$ cat my_file_3.txt   # compact mmCIF, C-alpha atoms
# COMPACT_ATOMS: atom_id res chain seq x y z
CA MET A 359 12.64 3.29 -1.20
CA ALA A 360 14.02 -0.21 -1.31
CA LEU A 361 11.97 -3.23 -2.13
CA GLY A 362 10.44 -4.76 0.95
CA THR A 363 10.15 -1.47 2.82
CA ALA A 364 6.84 -0.44 1.30
CA THR A 365 3.76 -0.07 3.41
CA ALA A 366 2.38 -3.59 3.92
CA PRO A 367 0.13 -5.10 2.65
CA TYR A 368 0.23 -2.95 -0.47
CA GLU A 369 3.59 -4.29 -1.70
CA LEU A 370 4.37 -1.09 -3.52
CA ARG A 371 7.66 -1.01 -5.41
CA PHE A 372 9.96 1.93 -5.97
CA ASP A 373 12.87 0.33 -7.81
CA ALA A 374 12.21 1.22 -11.46
CA GLY A 375 14.55 4.21 -11.44
CA ARG A 376 12.03 6.98 -12.14
CA ILE A 377 8.81 8.09 -10.46
CA CYS A 378 6.81 7.68 -13.67
CA LEU A 379 8.11 4.10 -14.07
CA ASP A 380 7.31 3.36 -10.42
CA LEU A 381 3.75 4.43 -11.23
CA LEU A 382 3.68 1.86 -14.05
CA SER A 383 4.74 -0.81 -11.54
CA THR A 384 1.49 -0.36 -9.62
CA THR A 385 -0.28 -2.72 -12.04
CA HIS A 386 1.79 -5.81 -11.22
CA PRO A 387 0.99 -8.46 -10.18
CA GLU A 388 -2.44 -6.89 -9.77
CA GLU A 389 -3.96 -3.41 -9.56
CA ARG A 390 -2.46 -1.56 -6.59
CA LEU A 391 -4.01 1.90 -6.90
CA ASP A 392 -7.47 0.75 -5.93
CA SER A 393 -7.96 2.88 -2.83
CA VAL A 394 -7.19 6.27 -1.37
CA ASP A 395 -5.01 4.70 1.35
CA VAL A 396 -2.80 2.90 -1.16
CA LEU A 397 -2.49 6.03 -3.29
CA ARG A 398 -1.42 8.03 -0.23
CA ALA A 399 1.22 5.36 0.52
CA TRP A 400 2.41 5.48 -3.10
CA ILE A 401 2.60 9.29 -3.18
CA THR A 402 4.69 9.32 0.00
CA GLY A 403 6.78 6.26 -0.88
CA SER A 404 7.62 7.61 -4.33
CA GLY A 405 9.11 10.74 -2.80
CA LEU A 406 6.62 13.09 -4.44
CA VAL A 407 6.06 14.59 -0.99
CA PRO A 408 8.07 14.47 2.24
CA ALA A 409 7.10 11.58 4.52
CA ASP A 410 5.33 13.84 7.03
CA THR A 411 3.12 15.61 4.45
CA VAL A 412 -0.53 15.44 5.44
CA LEU A 413 -2.59 13.92 2.63
CA ALA A 414 -5.96 13.85 4.41
CA HIS A 415 -7.57 15.79 1.54
CA VAL A 416 -7.00 12.96 -0.98
CA ASP A 417 -10.42 11.78 -2.12
CA ALA A 418 -11.87 8.95 -4.19
CA THR A 419 -11.29 10.80 -7.49
CA TRP A 420 -7.51 10.77 -7.09
CA PRO A 421 -6.81 7.05 -7.72
CA ALA A 422 -8.71 7.22 -11.03
CA ALA A 423 -6.70 10.29 -12.09
CA PHE A 424 -3.40 8.55 -11.29
CA ARG A 425 -4.52 5.36 -13.08
CA GLU A 426 -5.44 7.43 -16.16
CA LEU A 427 -2.00 9.10 -16.17
CA ARG A 428 -0.39 5.68 -15.68
CA GLY A 429 -2.20 4.34 -18.75
CA GLN A 430 -1.01 7.24 -20.90
CA ILE A 431 2.59 6.92 -19.70
CA ASP A 432 2.46 3.18 -20.33
CA ARG A 433 1.35 3.78 -23.91
CA LEU A 434 4.25 6.21 -24.43
CA VAL A 435 6.93 4.08 -22.79
CA ARG A 436 6.02 0.77 -24.41
CA GLY A 437 5.27 2.08 -27.89
CA TRP A 438 7.57 4.33 -29.83
CA PRO A 439 5.80 4.71 -33.17
CA GLY A 440 6.22 7.58 -35.54
CA SER A 441 3.68 10.33 -35.40
CA GLY A 442 0.28 9.53 -36.76
CA ALA A 443 -0.60 6.69 -34.39
CA PRO A 444 -3.82 8.07 -32.83
CA ALA A 445 -3.52 6.33 -29.44
CA TYR A 446 0.12 7.36 -29.09
CA ASP A 447 -0.59 10.96 -30.13
CA PHE A 448 -3.52 11.15 -27.70
CA ALA A 449 -1.34 9.81 -24.86
CA LEU A 450 1.37 12.34 -25.68
CA ALA A 451 -1.12 15.22 -25.70
CA ARG A 452 -2.67 14.05 -22.42
CA VAL A 453 0.68 13.72 -20.61
CA ASN A 454 1.69 17.17 -21.88
CA ASP A 455 -1.62 18.60 -20.60
CA LEU A 456 -1.14 16.98 -17.20
CA ALA A 457 2.43 18.32 -16.98
CA ARG A 458 1.29 21.96 -17.33
CA PRO A 459 0.15 22.82 -13.77
CA ALA A 460 2.81 23.88 -11.30
CA PRO A 461 4.11 20.95 -9.26
CA PRO A 462 3.91 21.15 -5.44
CA ALA A 463 6.02 23.99 -4.09
CA PRO A 464 8.32 23.19 -1.18
CA ARG A 465 9.16 25.64 1.55
CA ALA A 466 11.77 25.59 4.28
CA VAL A 467 10.40 25.62 7.84
CA ARG A 468 11.99 25.13 11.22
CA SER A 469 11.40 21.79 12.86
CA GLY A 470 10.96 21.32 16.60
CA ASP A 471 14.74 21.21 17.10
CA GLY A 472 15.33 24.35 15.01
CA GLU A 473 16.66 22.58 11.92
CA LEU A 474 15.34 23.58 8.52
CA VAL A 475 13.20 20.91 6.88
CA ARG A 476 11.35 20.76 3.59
CA GLN A 477 7.57 20.95 3.90
CA LEU A 478 4.68 21.20 1.46
CA ASP A 479 1.29 22.69 1.95
CA PRO A 480 -1.24 19.96 1.22
CA PRO A 481 -0.65 19.49 -2.54
CA GLY A 482 -3.60 19.14 -4.89
CA CYS A 483 -4.11 16.30 -7.32
CA PRO A 484 -3.22 18.40 -10.42
CA ALA A 485 0.10 19.42 -8.83
CA LEU A 486 1.08 15.83 -8.03
CA LEU A 487 -0.03 14.56 -11.43
CA ALA A 488 2.07 17.35 -12.98
CA ALA A 489 5.16 16.18 -11.09
CA VAL A 490 4.74 12.61 -12.41
CA ALA A 491 3.86 13.78 -15.94
CA ARG A 492 6.94 16.06 -16.01
CA ASP A 493 9.08 13.12 -14.96
CA ALA A 494 7.65 11.18 -17.92
CA VAL A 495 8.32 14.11 -20.28
CA ASP A 496 11.91 14.33 -19.00
CA LEU A 497 12.39 10.59 -19.48
CA LEU A 498 10.88 10.47 -22.96
CA THR A 499 12.80 13.50 -24.24
CA ASP A 500 16.19 12.36 -22.91
CA PRO A 501 17.74 10.04 -25.54
CA VAL A 502 20.22 8.57 -23.04
CA ALA A 503 17.54 7.75 -20.48
CA ARG A 504 15.16 6.47 -23.16
CA ALA A 505 17.90 4.14 -24.45
CA ALA A 506 18.27 2.75 -20.91
CA LEU A 507 14.61 1.67 -20.67
CA ARG A 508 14.30 -2.09 -20.29
CA GLN A 509 11.45 -4.58 -20.01
CA CYS A 510 11.98 -7.10 -17.20
CA GLU A 511 12.98 -10.53 -18.52
CA GLY A 512 11.18 -12.28 -15.66
CA ASP A 513 8.35 -14.67 -16.53
CA ASN A 514 5.13 -12.69 -16.99
CA CYS A 515 6.65 -9.52 -15.52
CA PRO A 516 5.53 -6.38 -17.37
CA ILE A 517 7.65 -3.94 -15.36
CA VAL A 518 9.71 -1.40 -17.28
CA TYR A 519 12.77 0.02 -15.51
CA LEU A 520 15.69 2.33 -16.15
CA ASP A 521 18.89 0.30 -16.49
CA THR A 522 21.65 2.32 -14.85
CA SER A 523 23.80 -0.70 -14.08
CA ARG A 524 27.44 -0.87 -15.04
CA GLY A 525 27.65 -2.21 -18.57
CA ARG A 526 23.86 -1.90 -18.97
CA ARG A 527 23.39 -5.63 -18.34
CA ARG A 528 20.54 -5.57 -15.84
CA ARG A 529 17.96 -8.19 -16.84
CA TRP A 530 15.29 -7.99 -14.16
CA CYS A 531 13.18 -5.32 -12.53
CA SER A 532 14.53 -6.56 -9.22
CA SER A 533 17.23 -9.07 -8.47
CA GLU A 534 15.39 -9.91 -5.26
CA VAL A 535 12.09 -10.64 -7.01
CA CYS A 536 12.35 -11.72 -10.63
CA GLY A 537 16.07 -12.46 -10.44
CA ASN A 538 15.59 -14.88 -7.55
CA ARG A 539 12.68 -16.58 -9.33
CA GLU A 540 14.84 -17.08 -12.43
CA ARG A 541 17.78 -18.43 -10.42
CA VAL A 542 15.52 -20.88 -8.56
CA ALA A 543 13.92 -22.03 -11.83
CA ARG A 544 17.36 -22.50 -13.42
CA HIS A 545 18.53 -24.51 -10.39
CA ARG A 546 15.44 -26.73 -10.57
CA ARG A 547 15.96 -27.35 -14.29
CA ARG A 548 19.61 -28.36 -13.70
CA ALA A 549 18.61 -30.59 -10.78
CA ALA A 550 15.91 -32.26 -12.89
CA LEU A 551 18.44 -32.91 -15.67
CA THR A 552 20.95 -34.52 -13.30
CA ARG A 553 18.26 -36.80 -11.86
CA ALA A 554 17.09 -37.93 -15.29
$ encode --input "my_file_3.txt" --output "structure tokens"
Amino acid sequence: MALGTATAPYELRFDAGRICLDLLSTTHPEERLDSVDVLRAWITGSGLVPADTVLAHVDATWPAAFRELRGQIDRLVRGWPGSGAPAYDFALARVNDLARPAPPAPRAVRSGDGELVRQLDPPGCPALLAAVARDAVDLLTDPVARAALRQCEGDNCPIVYLDTSRGRRRRWCSSEVCGNRERVARHRRRAALTRA
């Protein structure tokens, strides 16, 4: 999903390049996963489930479970110490545990016009957490993808993204957000220098 098309007013972002990194983005500029409604929007927006999947069974325990997984993934993505670091080893064990359950199983069903469409039975929290945790495991165990991880160079932006740009020169999480801020700040600095 492109920036700016998220469910307002949640301002969810899906431009980090991986579902697990999009989950990390839900902390900036403030906590986003603070309600069931926002979590439902994130689950759908991230592509974990088809847009028409009914998520009425999501309850108040789900946001805390997703925030806990987010914290463990963050620890793994931002730190790459050797073994023996207790917090890192705990995060690794926790993500591996959360990746174990089977992710949601799709099935093909006929839509109203007879076309086959992908549909899920209402997925449980462990199945959705497993899908995100498996994405993190895939990312962390792929040396090429891991080498493409970047921290946004925008002022006070903690977002980590996967740089798949040509030449691997991407500097910002989003050209429309942090990139525009940097360009405006640079323009103002130049204008201030010419006036002085």
$ closest_residue --input "my_file_3.txt" --among "A:Ala422, A:Val435, A:Leu413, A:Ala503" --to "Arg390 (chain A)" --atoms "only C-alpha atoms"
A:Ala422
$ atom_distance --input "my_file_3.txt" --atom1 "CA of Pro481 (chain A)" --atom2 "CA of Pro462 (chain A)"
5.7 Å
$ atom_distance --input "my_file_3.txt" --atom1 "CA of Pro480 (chain A)" --atom2 "CA of His415 (chain A)"
7.6 Å
$ closest_residue --input "my_file_3.txt" --among "A:Ala418, A:Val475, A:Leu370, A:Leu551" --to "Pro387 (chain A)" --atoms "only C-alpha atoms"
A:Leu370
$ closest_residue --input "my_file_3.txt" --among "A:Asp513, A:Glu540, A:Glu369, A:Asp380" --to "Ala494 (chain A)" --atoms "all atoms listed in the file"
A:Asp380
$ closest_residue --input "my_file_3.txt" --among "A:Thr419, A:Val495, A:Arg547, A:Leu382" --to "Leu450 (chain A)" --atoms "all atoms listed in the file"
A:Val495
$ closest_residue --input "my_file_3.txt" --among "A:Ala445, A:Val518, A:Ala491, A:Ile401" --to "Arg504 (chain A)" --atoms "only C-alpha atoms"
A:Val518
$ residues_around --input "my_file_3.txt" --residues "Thr385 (chain A)" --least-positions-apart "5" --cutoff "9 Å" --atoms "all atoms listed in the file" --output "MDAnalysis selection string"
chainID A and resid 390:391 516:517
$ closest_residue --input "my_file_3.txt" --among "A:Asn514, A:Leu487, A:Thr499, A:Thr552" --to "Glu388 (chain A)" --atoms "only C-alpha atoms"
A:Asn514
$ atom_distance --input "my_file_3.txt" --atom1 "CA of Ala463 (chain A)" --atom2 "CA of Arg433 (chain A)"
28.7 Å
$ axis_aligned_box --input "my_file_3.txt" --around "region 388-391 of chain A" --padding-each-side "5 Å" --output "JSON"
{"center_x": -3.2, "center_y": -2.5, "center_z": -8.2, "size_x": 11.6, "size_y": 18.8, "size_z": 13.2}
$ decode --input "my_file_3.txt" --residues "region 497-513 of chain A" --atoms "all heavy atoms" --output "PDB file, in the first residue's frame"
ATOM      1  N   LEU A 497      13.932 -12.513   6.616  1.00  0.00           N
ATOM      2  CA  LEU A 497      14.758 -11.324   6.443  1.00  0.00           C
ATOM      3  C   LEU A 497      16.114 -11.493   7.132  1.00  0.00           C
ATOM      4  O   LEU A 497      17.164 -11.227   6.546  1.00  0.00           O
ATOM      5  CB  LEU A 497      14.034 -10.095   7.001  1.00  0.00           C
ATOM      6  CG  LEU A 497      14.839  -8.797   7.054  1.00  0.00           C
ATOM      7  CD1 LEU A 497      15.141  -8.294   5.650  1.00  0.00           C
ATOM      8  CD2 LEU A 497      14.080  -7.751   7.839  1.00  0.00           C
ATOM      9  N   LEU A 498      16.090 -11.936   8.366  1.00  0.00           N
ATOM     10  CA  LEU A 498      17.318 -12.022   9.158  1.00  0.00           C
ATOM     11  C   LEU A 498      18.256 -13.131   8.705  1.00  0.00           C
ATOM     12  O   LEU A 498      19.464 -13.064   8.962  1.00  0.00           O
ATOM     13  CB  LEU A 498      16.969 -12.197  10.634  1.00  0.00           C
ATOM     14  CG  LEU A 498      16.241 -11.005  11.256  1.00  0.00           C
ATOM     15  CD1 LEU A 498      15.673 -11.382  12.609  1.00  0.00           C
ATOM     16  CD2 LEU A 498      17.167  -9.802  11.355  1.00  0.00           C
ATOM     17  N   THR A 499      17.726 -14.139   8.039  1.00  0.00           N
ATOM     18  CA  THR A 499      18.572 -15.251   7.587  1.00  0.00           C
ATOM     19  C   THR A 499      18.984 -15.125   6.124  1.00  0.00           C
ATOM     20  O   THR A 499      19.691 -15.982   5.620  1.00  0.00           O
ATOM     21  CB  THR A 499      17.863 -16.602   7.803  1.00  0.00           C
ATOM     22  OG1 THR A 499      16.619 -16.601   7.087  1.00  0.00           O
ATOM     23  CG2 THR A 499      17.622 -16.864   9.284  1.00  0.00           C
ATOM     24  N   ASP A 500      18.563 -14.072   5.467  1.00  0.00           N
ATOM     25  CA  ASP A 500      18.938 -13.822   4.074  1.00  0.00           C
ATOM     26  C   ASP A 500      20.036 -12.758   4.068  1.00  0.00           C
ATOM     27  O   ASP A 500      19.761 -11.576   4.301  1.00  0.00           O
ATOM     28  CB  ASP A 500      17.714 -13.332   3.302  1.00  0.00           C
ATOM     29  CG  ASP A 500      17.999 -13.024   1.845  1.00  0.00           C
ATOM     30  OD1 ASP A 500      19.180 -12.952   1.444  1.00  0.00           O
ATOM     31  OD2 ASP A 500      17.030 -12.834   1.089  1.00  0.00           O
ATOM     32  N   PRO A 501      21.291 -13.140   3.791  1.00  0.00           N
ATOM     33  CA  PRO A 501      22.384 -12.165   3.857  1.00  0.00           C
ATOM     34  C   PRO A 501      22.215 -10.997   2.891  1.00  0.00           C
ATOM     35  O   PRO A 501      22.603  -9.869   3.202  1.00  0.00           O
ATOM     36  CB  PRO A 501      23.635 -12.968   3.522  1.00  0.00           C
ATOM     37  CG  PRO A 501      23.241 -14.387   3.437  1.00  0.00           C
ATOM     38  CD  PRO A 501      21.748 -14.469   3.464  1.00  0.00           C
ATOM     39  N   VAL A 502      21.618 -11.233   1.733  1.00  0.00           N
ATOM     40  CA  VAL A 502      21.421 -10.148   0.760  1.00  0.00           C
ATOM     41  C   VAL A 502      20.399  -9.153   1.285  1.00  0.00           C
ATOM     42  O   VAL A 502      20.622  -7.937   1.248  1.00  0.00           O
ATOM     43  CB  VAL A 502      21.003 -10.716  -0.620  1.00  0.00           C
ATOM     44  CG1 VAL A 502      20.653  -9.598  -1.586  1.00  0.00           C
ATOM     45  CG2 VAL A 502      22.105 -11.605  -1.188  1.00  0.00           C
ATOM     46  N   ALA A 503      19.283  -9.655   1.799  1.00  0.00           N
ATOM     47  CA  ALA A 503      18.256  -8.764   2.348  1.00  0.00           C
ATOM     48  C   ALA A 503      18.784  -8.051   3.584  1.00  0.00           C
ATOM     49  O   ALA A 503      18.568  -6.841   3.750  1.00  0.00           O
ATOM     50  CB  ALA A 503      16.991  -9.546   2.681  1.00  0.00           C
ATOM     51  N   ARG A 504      19.467  -8.766   4.441  1.00  0.00           N
ATOM     52  CA  ARG A 504      20.001  -8.153   5.665  1.00  0.00           C
ATOM     53  C   ARG A 504      20.979  -7.023   5.329  1.00  0.00           C
ATOM     54  O   ARG A 504      20.990  -5.983   5.981  1.00  0.00           O
ATOM     55  CB  ARG A 504      20.670  -9.218   6.519  1.00  0.00           C
ATOM     56  CG  ARG A 504      20.791  -8.844   7.950  1.00  0.00           C
ATOM     57  CD  ARG A 504      21.284  -9.976   8.835  1.00  0.00           C
ATOM     58  NE  ARG A 504      22.567 -10.484   8.411  1.00  0.00           N
ATOM     59  CZ  ARG A 504      22.821 -11.740   8.066  1.00  0.00           C
ATOM     60  NH1 ARG A 504      21.851 -12.633   8.104  1.00  0.00           N
ATOM     61  NH2 ARG A 504      24.005 -12.121   7.700  1.00  0.00           N
ATOM     62  N   ALA A 505      21.771  -7.214   4.268  1.00  0.00           N
ATOM     63  CA  ALA A 505      22.716  -6.172   3.848  1.00  0.00           C
ATOM     64  C   ALA A 505      22.002  -4.949   3.282  1.00  0.00           C
ATOM     65  O   ALA A 505      22.583  -3.866   3.220  1.00  0.00           O
ATOM     66  CB  ALA A 505      23.692  -6.736   2.819  1.00  0.00           C
ATOM     67  N   ALA A 506      20.744  -5.119   2.866  1.00  0.00           N
ATOM     68  CA  ALA A 506      19.975  -4.000   2.303  1.00  0.00           C
ATOM     69  C   ALA A 506      19.164  -3.244   3.356  1.00  0.00           C
ATOM     70  O   ALA A 506      18.458  -2.301   3.025  1.00  0.00           O
ATOM     71  CB  ALA A 506      19.050  -4.513   1.203  1.00  0.00           C
ATOM     72  N   LEU A 507      19.271  -3.630   4.620  1.00  0.00           N
ATOM     73  CA  LEU A 507      18.570  -2.914   5.690  1.00  0.00           C
ATOM     74  C   LEU A 507      19.221  -1.553   5.884  1.00  0.00           C
ATOM     75  O   LEU A 507      20.445  -1.436   5.946  1.00  0.00           O
ATOM     76  CB  LEU A 507      18.636  -3.691   7.001  1.00  0.00           C
ATOM     77  CG  LEU A 507      17.745  -4.896   7.126  1.00  0.00           C
ATOM     78  CD1 LEU A 507      18.023  -5.631   8.433  1.00  0.00           C
ATOM     79  CD2 LEU A 507      16.287  -4.518   7.026  1.00  0.00           C
ATOM     80  N   ARG A 508      18.402  -0.524   5.988  1.00  0.00           N
ATOM     81  CA  ARG A 508      18.898   0.838   6.180  1.00  0.00           C
ATOM     82  C   ARG A 508      18.077   1.531   7.260  1.00  0.00           C
ATOM     83  O   ARG A 508      16.876   1.309   7.374  1.00  0.00           O
ATOM     84  CB  ARG A 508      18.784   1.673   4.901  1.00  0.00           C
ATOM     85  CG  ARG A 508      19.499   1.126   3.706  1.00  0.00           C
ATOM     86  CD  ARG A 508      20.996   1.343   3.806  1.00  0.00           C
ATOM     87  NE  ARG A 508      21.661   0.901   2.605  1.00  0.00           N
ATOM     88  CZ  ARG A 508      22.090  -0.334   2.377  1.00  0.00           C
ATOM     89  NH1 ARG A 508      21.915  -1.271   3.281  1.00  0.00           N
ATOM     90  NH2 ARG A 508      22.695  -0.654   1.249  1.00  0.00           N
ATOM     91  N   GLN A 509      18.718   2.418   7.979  1.00  0.00           N
ATOM     92  CA  GLN A 509      18.061   3.307   8.938  1.00  0.00           C
ATOM     93  C   GLN A 509      17.806   4.613   8.200  1.00  0.00           C
ATOM     94  O   GLN A 509      18.700   5.138   7.538  1.00  0.00           O
ATOM     95  CB  GLN A 509      18.979   3.547  10.128  1.00  0.00           C
ATOM     96  CG  GLN A 509      18.570   4.688  11.030  1.00  0.00           C
ATOM     97  CD  GLN A 509      17.455   4.339  11.975  1.00  0.00           C
ATOM     98  OE1 GLN A 509      17.444   3.266  12.531  1.00  0.00           O
ATOM     99  NE2 GLN A 509      16.532   5.248  12.162  1.00  0.00           N
ATOM    100  N   CYS A 510      16.614   5.154   8.283  1.00  0.00           N
ATOM    101  CA  CYS A 510      16.288   6.410   7.623  1.00  0.00           C
ATOM    102  C   CYS A 510      17.228   7.509   8.110  1.00  0.00           C
ATOM    103  O   CYS A 510      17.525   7.612   9.295  1.00  0.00           O
ATOM    104  CB  CYS A 510      14.841   6.801   7.908  1.00  0.00           C
ATOM    105  SG  CYS A 510      14.341   8.343   7.121  1.00  0.00           S
ATOM    106  N   GLU A 511      17.690   8.344   7.184  1.00  0.00           N
ATOM    107  CA  GLU A 511      18.577   9.452   7.524  1.00  0.00           C
ATOM    108  C   GLU A 511      17.803  10.721   7.883  1.00  0.00           C
ATOM    109  O   GLU A 511      18.411  11.757   8.131  1.00  0.00           O
ATOM    110  CB  GLU A 511      19.530   9.737   6.355  1.00  0.00           C
ATOM    111  CG  GLU A 511      20.520   8.628   6.113  1.00  0.00           C
ATOM    112  CD  GLU A 511      21.466   8.912   4.960  1.00  0.00           C
ATOM    113  OE1 GLU A 511      21.647  10.091   4.582  1.00  0.00           O
ATOM    114  OE2 GLU A 511      22.012   7.942   4.413  1.00  0.00           O
ATOM    115  N   GLY A 512      16.491  10.646   7.898  1.00  0.00           N
ATOM    116  CA  GLY A 512      15.683  11.807   8.271  1.00  0.00           C
ATOM    117  C   GLY A 512      15.874  12.163   9.731  1.00  0.00           C
ATOM    118  O   GLY A 512      16.148  11.299  10.566  1.00  0.00           O
ATOM    119  N   ASP A 513      15.729  13.462  10.049  1.00  0.00           N
ATOM    120  CA  ASP A 513      15.868  13.915  11.430  1.00  0.00           C
ATOM    121  C   ASP A 513      14.892  13.184  12.337  1.00  0.00           C
ATOM    122  O   ASP A 513      13.687  13.186  12.094  1.00  0.00           O
ATOM    123  CB  ASP A 513      15.598  15.423  11.531  1.00  0.00           C
ATOM    124  CG  ASP A 513      16.759  16.249  11.021  1.00  0.00           C
ATOM    125  OD1 ASP A 513      17.875  15.690  10.903  1.00  0.00           O
ATOM    126  OD2 ASP A 513      16.560  17.438  10.740  1.00  0.00           O
TER     127      ASP A 513
END
